[in-house]
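Asks: I am attaching a structure below and will ask some questions about it afterwards.
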Amino acid sequence: LFAPPQNAHIMTHFHRFSRKLASPGPTFNSVAKQLIHRNANTAAACLFAPPWSSNSLVQNGSRASFSSSHVHFNGDQKETPPNTQQEIPPDMQKELENAFQESLTKAKTGDSDSQVDVAIHYLSGTGVSQNAENALEWINKAAQASNAKALAILGIMFENGMYGQEKDPVKAVEYYKKAADLQHPGAQVDMGRSYFNGHGVEQNHELAFKYFQESAEAGHPEALFWVGTMYEQGNHVAKDMEKAVEFYQKARENGDELAAYRLSMLENQKGSVEGRNDQ
């Protein structure tokens, strides 16, 4: 919990897994532990968050909010994700079934956003029985139409080796870049993270900062946190604590609890130094 700033990217993963998976129930909590153990990327926290959940891609529309979880997430296995129907409030079941049918009708006309929605319904098992094969079919159709969400999802799947896709970080970056080029804020974060860590691409902190900054300009909380971290560390950019605090504050305002925690730690450190100086 008290990892130094240079380990902030690791804490980012842990924080987001814990936060996004804390509320739905024990099934999701067990998923969180498995994914944290695997050090999967941020996007891999709630892939199967039900469409009615505040964690879902449908609600939030950005890749960082679209994360993935799978209690049987074992690399290249093709197992069906855990059934989340039991987690859906009974009074919402009919509404979800209607939502699925509406999305399916639009998806069949070629609407790529609806195709993504249908895929998420199939992945989460909300409004329809879970079916990973059908989900992949619709995700690929949307990706062929250059849908940014679909491209980002495929990036997640290739990075983590999900649903029969061989784990391939290079191919994951290819999908992330396509989505990032379409101004998908979460995919921009993934590109930044990939360049920062040298995962699937040669390490390049200059490009990492570029992608984080682009996403931060769209108000993406995780990107704002990353930019703040790089300013705090003086990584690629000149160390600037004022700018670091500025970006942490913006991230906190956009709901990033880790940024709030970091600000608290910096304030405590400042108080400790001032206290020693007064002695």
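Residues are named by chain letter and number: chains run A, B, ... in the order of the structure tokens, numbers start at 1 in each chain, and ligands are numbered from 1 in the order shown.
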Applying 8 Å and only C-alpha atoms, which residues near stretch 108-113 of chain A remain after dropping the ones on its own chain fewer than 3 positions away? List them as a ChimeraX atom specification.
Replies: /A:104-105,116-117,141-143,145,147,149
Asks: For the selection just defined, write its residues with all heavy atoms to a file, as a compact mmCIF listing (two decimals), in the first residue's frame.
Replies:
# COMPACT_ATOMS: atom_id res chain seq x y z
N LEU A 104 -29.59 -6.27 -30.07
CA LEU A 104 -29.43 -7.30 -31.09
C LEU A 104 -30.07 -6.86 -32.41
O LEU A 104 -29.50 -7.06 -33.49
CB LEU A 104 -30.05 -8.61 -30.61
CG LEU A 104 -29.90 -9.81 -31.55
CD1 LEU A 104 -28.42 -10.13 -31.78
CD2 LEU A 104 -30.62 -11.03 -30.97
N THR A 105 -31.25 -6.27 -32.32
CA THR A 105 -31.94 -5.79 -33.53
C THR A 105 -31.10 -4.75 -34.26
O THR A 105 -30.92 -4.81 -35.49
CB THR A 105 -33.31 -5.17 -33.16
OG1 THR A 105 -34.13 -6.19 -32.56
CG2 THR A 105 -34.01 -4.64 -34.39
N VAL A 116 -21.16 -4.17 -30.11
CA VAL A 116 -20.36 -4.25 -28.88
C VAL A 116 -21.27 -4.51 -27.69
O VAL A 116 -20.95 -5.33 -26.82
CB VAL A 116 -19.55 -2.95 -28.67
CG1 VAL A 116 -18.85 -2.98 -27.31
CG2 VAL A 116 -18.52 -2.78 -29.77
N ASP A 117 -22.40 -3.81 -27.64
CA ASP A 117 -23.34 -4.01 -26.54
C ASP A 117 -23.80 -5.46 -26.47
O ASP A 117 -23.88 -6.05 -25.39
CB ASP A 117 -24.56 -3.09 -26.71
CG ASP A 117 -24.22 -1.63 -26.49
OD1 ASP A 117 -23.11 -1.35 -26.01
OD2 ASP A 117 -25.07 -0.78 -26.81
N LYS A 141 -17.03 -8.42 -35.54
CA LYS A 141 -17.80 -7.65 -36.53
C LYS A 141 -17.65 -6.16 -36.27
O LYS A 141 -17.45 -5.37 -37.21
CB LYS A 141 -19.29 -8.04 -36.46
CG LYS A 141 -19.61 -9.39 -37.08
CD LYS A 141 -21.11 -9.66 -37.03
CE LYS A 141 -21.45 -11.00 -37.68
NZ LYS A 141 -22.92 -11.29 -37.63
N ALA A 142 -17.75 -5.76 -35.01
CA ALA A 142 -17.62 -4.35 -34.67
C ALA A 142 -16.21 -3.85 -34.95
O ALA A 142 -16.01 -2.72 -35.42
CB ALA A 142 -17.98 -4.13 -33.20
N ALA A 143 -15.21 -4.68 -34.66
CA ALA A 143 -13.82 -4.29 -34.90
C ALA A 143 -13.56 -4.09 -36.40
O ALA A 143 -12.83 -3.18 -36.80
CB ALA A 143 -12.88 -5.34 -34.33
N ALA A 145 -15.55 -2.95 -38.39
CA ALA A 145 -16.14 -1.66 -38.73
C ALA A 145 -15.38 -0.51 -38.07
O ALA A 145 -15.85 0.62 -38.02
CB ALA A 145 -17.61 -1.63 -38.29
N ASN A 147 -14.72 -0.02 -34.90
CA ASN A 147 -15.30 0.46 -33.66
C ASN A 147 -14.22 0.48 -32.58
O ASN A 147 -13.59 -0.54 -32.29
CB ASN A 147 -16.46 -0.44 -33.23
CG ASN A 147 -17.15 0.05 -31.99
OD1 ASN A 147 -16.65 -0.09 -30.88
ND2 ASN A 147 -18.32 0.64 -32.16
N LYS A 149 -14.26 0.76 -29.29
CA LYS A 149 -14.48 -0.09 -28.12
C LYS A 149 -14.12 -1.55 -28.44
O LYS A 149 -13.47 -2.22 -27.65
CB LYS A 149 -15.94 -0.02 -27.68
CG LYS A 149 -16.40 1.32 -27.15
CD LYS A 149 -17.88 1.25 -26.81
CE LYS A 149 -18.44 2.59 -26.41
NZ LYS A 149 -19.90 2.53 -26.14
Asks: Could you give me the residues within stretch 130-262 of chain A that DSSP places in helix (DSSP H, G or I), as an MDAnalysis selection string?
Replies: chainID A and resid 132:144 148:160 169:181 185:197 205:217 221:233 241:253 257:262
Asks: Next, the residues of the selection above should be written as a compact mmCIF listing (two decimals), in the first residue's frame with C-alpha atoms.
Replies:
# COMPACT_ATOMS: atom_id res chain seq x y z
CA ALA A 132 -18.26 -16.42 -25.27
CA GLU A 133 -18.29 -17.68 -28.87
CA ASN A 134 -21.20 -15.41 -29.78
CA ALA A 135 -19.53 -12.54 -27.96
CA LEU A 136 -16.35 -12.95 -30.01
CA GLU A 137 -18.34 -13.05 -33.22
CA TRP A 138 -19.99 -9.72 -32.48
CA ILE A 139 -16.81 -8.11 -31.18
CA ASN A 140 -14.99 -9.04 -34.38
CA LYS A 141 -17.80 -7.65 -36.53
CA ALA A 142 -17.62 -4.35 -34.67
CA ALA A 143 -13.82 -4.29 -34.90
CA GLN A 144 -14.02 -4.81 -38.67
CA ALA A 148 -12.89 1.79 -31.02
CA LYS A 149 -14.48 -0.09 -28.12
CA ALA A 150 -14.31 -3.39 -29.98
CA LEU A 151 -10.68 -2.84 -30.94
CA ALA A 152 -9.82 -2.07 -27.32
CA ILE A 153 -11.59 -5.23 -26.16
CA LEU A 154 -9.63 -7.34 -28.62
CA GLY A 155 -6.47 -5.74 -27.31
CA ILE A 156 -7.42 -6.88 -23.82
CA MET A 157 -8.10 -10.40 -25.01
CA PHE A 158 -4.78 -10.74 -26.84
CA GLU A 159 -2.80 -9.19 -24.04
CA ASN A 160 -4.23 -11.62 -21.51
CA PRO A 169 1.21 -8.54 -26.37
CA VAL A 170 2.45 -7.35 -29.77
CA LYS A 171 -0.92 -7.99 -31.39
CA ALA A 172 -2.60 -6.46 -28.32
CA VAL A 173 -0.67 -3.25 -28.90
CA GLU A 174 -1.74 -3.27 -32.55
CA TYR A 175 -5.39 -3.27 -31.46
CA TYR A 176 -4.79 -0.73 -28.72
CA LYS A 177 -3.13 1.60 -31.22
CA LYS A 178 -6.02 1.33 -33.66
CA ALA A 179 -8.43 2.22 -30.85
CA ALA A 180 -6.14 4.98 -29.57
CA ASP A 181 -5.91 6.47 -33.07
CA PRO A 185 -9.18 7.41 -23.98
CA GLY A 186 -8.75 4.02 -22.33
CA ALA A 187 -6.82 2.59 -25.28
CA GLN A 188 -4.57 5.64 -25.11
CA VAL A 189 -3.87 4.72 -21.50
CA ASP A 190 -3.07 1.17 -22.59
CA MET A 191 -0.67 2.45 -25.23
CA GLY A 192 0.99 4.62 -22.62
CA ARG A 193 1.20 1.71 -20.20
CA SER A 194 2.64 -0.56 -22.91
CA TYR A 195 5.34 1.95 -23.82
CA PHE A 196 6.05 2.73 -20.18
CA ASN A 197 6.62 -0.93 -19.31
CA HIS A 205 8.79 6.81 -21.94
CA GLU A 206 8.48 9.72 -24.35
CA LEU A 207 5.70 7.95 -26.24
CA ALA A 208 4.21 6.73 -22.98
CA PHE A 209 3.90 10.30 -21.78
CA LYS A 210 2.42 11.35 -25.13
CA TYR A 211 -0.38 8.79 -24.91
CA PHE A 212 -1.05 9.46 -21.22
CA GLN A 213 -1.24 13.17 -21.95
CA GLU A 214 -3.65 12.70 -24.86
CA SER A 215 -5.95 10.64 -22.67
CA ALA A 216 -5.57 13.08 -19.79
CA GLU A 217 -6.78 15.88 -22.04
CA PRO A 221 -8.73 9.70 -14.44
CA GLU A 222 -6.11 6.98 -14.82
CA ALA A 223 -4.27 8.98 -17.47
CA LEU A 224 -4.29 12.02 -15.20
CA PHE A 225 -2.79 9.87 -12.46
CA TRP A 226 -0.07 8.54 -14.78
CA VAL A 227 0.87 12.05 -15.92
CA GLY A 228 1.05 13.16 -12.31
CA THR A 229 3.24 10.18 -11.48
CA MET A 230 5.65 10.95 -14.32
CA TYR A 231 5.95 14.55 -13.17
CA GLU A 232 6.49 13.42 -9.60
CA GLN A 233 9.21 10.99 -10.67
CA MET A 241 5.85 18.56 -7.90
CA GLU A 242 3.44 21.42 -8.56
CA LYS A 243 2.37 19.84 -11.83
CA ALA A 244 2.27 16.42 -10.22
CA VAL A 245 -0.11 17.69 -7.56
CA GLU A 246 -2.16 19.49 -10.20
CA PHE A 247 -2.69 16.29 -12.19
CA TYR A 248 -3.33 14.23 -9.06
CA GLN A 249 -5.99 16.73 -8.05
CA LYS A 250 -7.63 16.52 -11.48
CA ALA A 251 -7.54 12.72 -11.27
CA ARG A 252 -9.12 12.84 -7.82
CA GLU A 253 -11.83 15.18 -9.09
CA GLU A 257 -9.09 7.21 -5.32
CA LEU A 258 -5.43 6.32 -5.81
CA ALA A 259 -4.72 9.92 -6.75
CA ALA A 260 -6.53 11.02 -3.61
CA TYR A 261 -4.37 8.62 -1.62
CA ARG A 262 -1.20 9.90 -3.25
Asks: Excluding same-chain residues fewer than 4 positions from A:Ala99, what lies within 8 Å of it counting only C-alpha atoms, as number ranges by chain?
Replies: A: 95, 103, 127
Asks: Output N, CA, C and O atoms of each residue in that selection to a file, as a short mmCIF file (atom, residue, chain, number, x, y, z; two decimals), in the first residue's frame.
Replies:
data_model
loop_
_atom_site.label_atom_id
_atom_site.label_comp_id
_atom_site.auth_asym_id
_atom_site.auth_seq_id
_atom_site.Cartn_x
_atom_site.Cartn_y
_atom_site.Cartn_z
N GLU A 95 -35.99 -6.01 -17.85
CA GLU A 95 -35.46 -4.81 -18.51
C GLU A 95 -34.18 -5.14 -19.28
O GLU A 95 -33.97 -4.66 -20.40
N SER A 103 -30.63 -4.17 -28.57
CA SER A 103 -29.27 -4.08 -29.08
C SER A 103 -29.04 -5.07 -30.21
O SER A 103 -28.38 -4.76 -31.22
N GLY A 127 -29.37 -10.53 -19.52
CA GLY A 127 -30.42 -10.45 -20.54
C GLY A 127 -30.38 -11.58 -21.53
O GLY A 127 -31.26 -11.71 -22.38
#
Asks: If you measure from atom CA of A:His220 to atom CA of A:Gln165, what distance in Å do you get, rounded to one decimal?
Replies: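 If I compute the distance from atom CA of A:His220 to atom CA of A:Gln165, I get 28.3 Å.
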Asks: Atom CA of A:Ala218 to atom CA of A:Met162: how many Å, to one decimal?
Replies: 28.9 Å
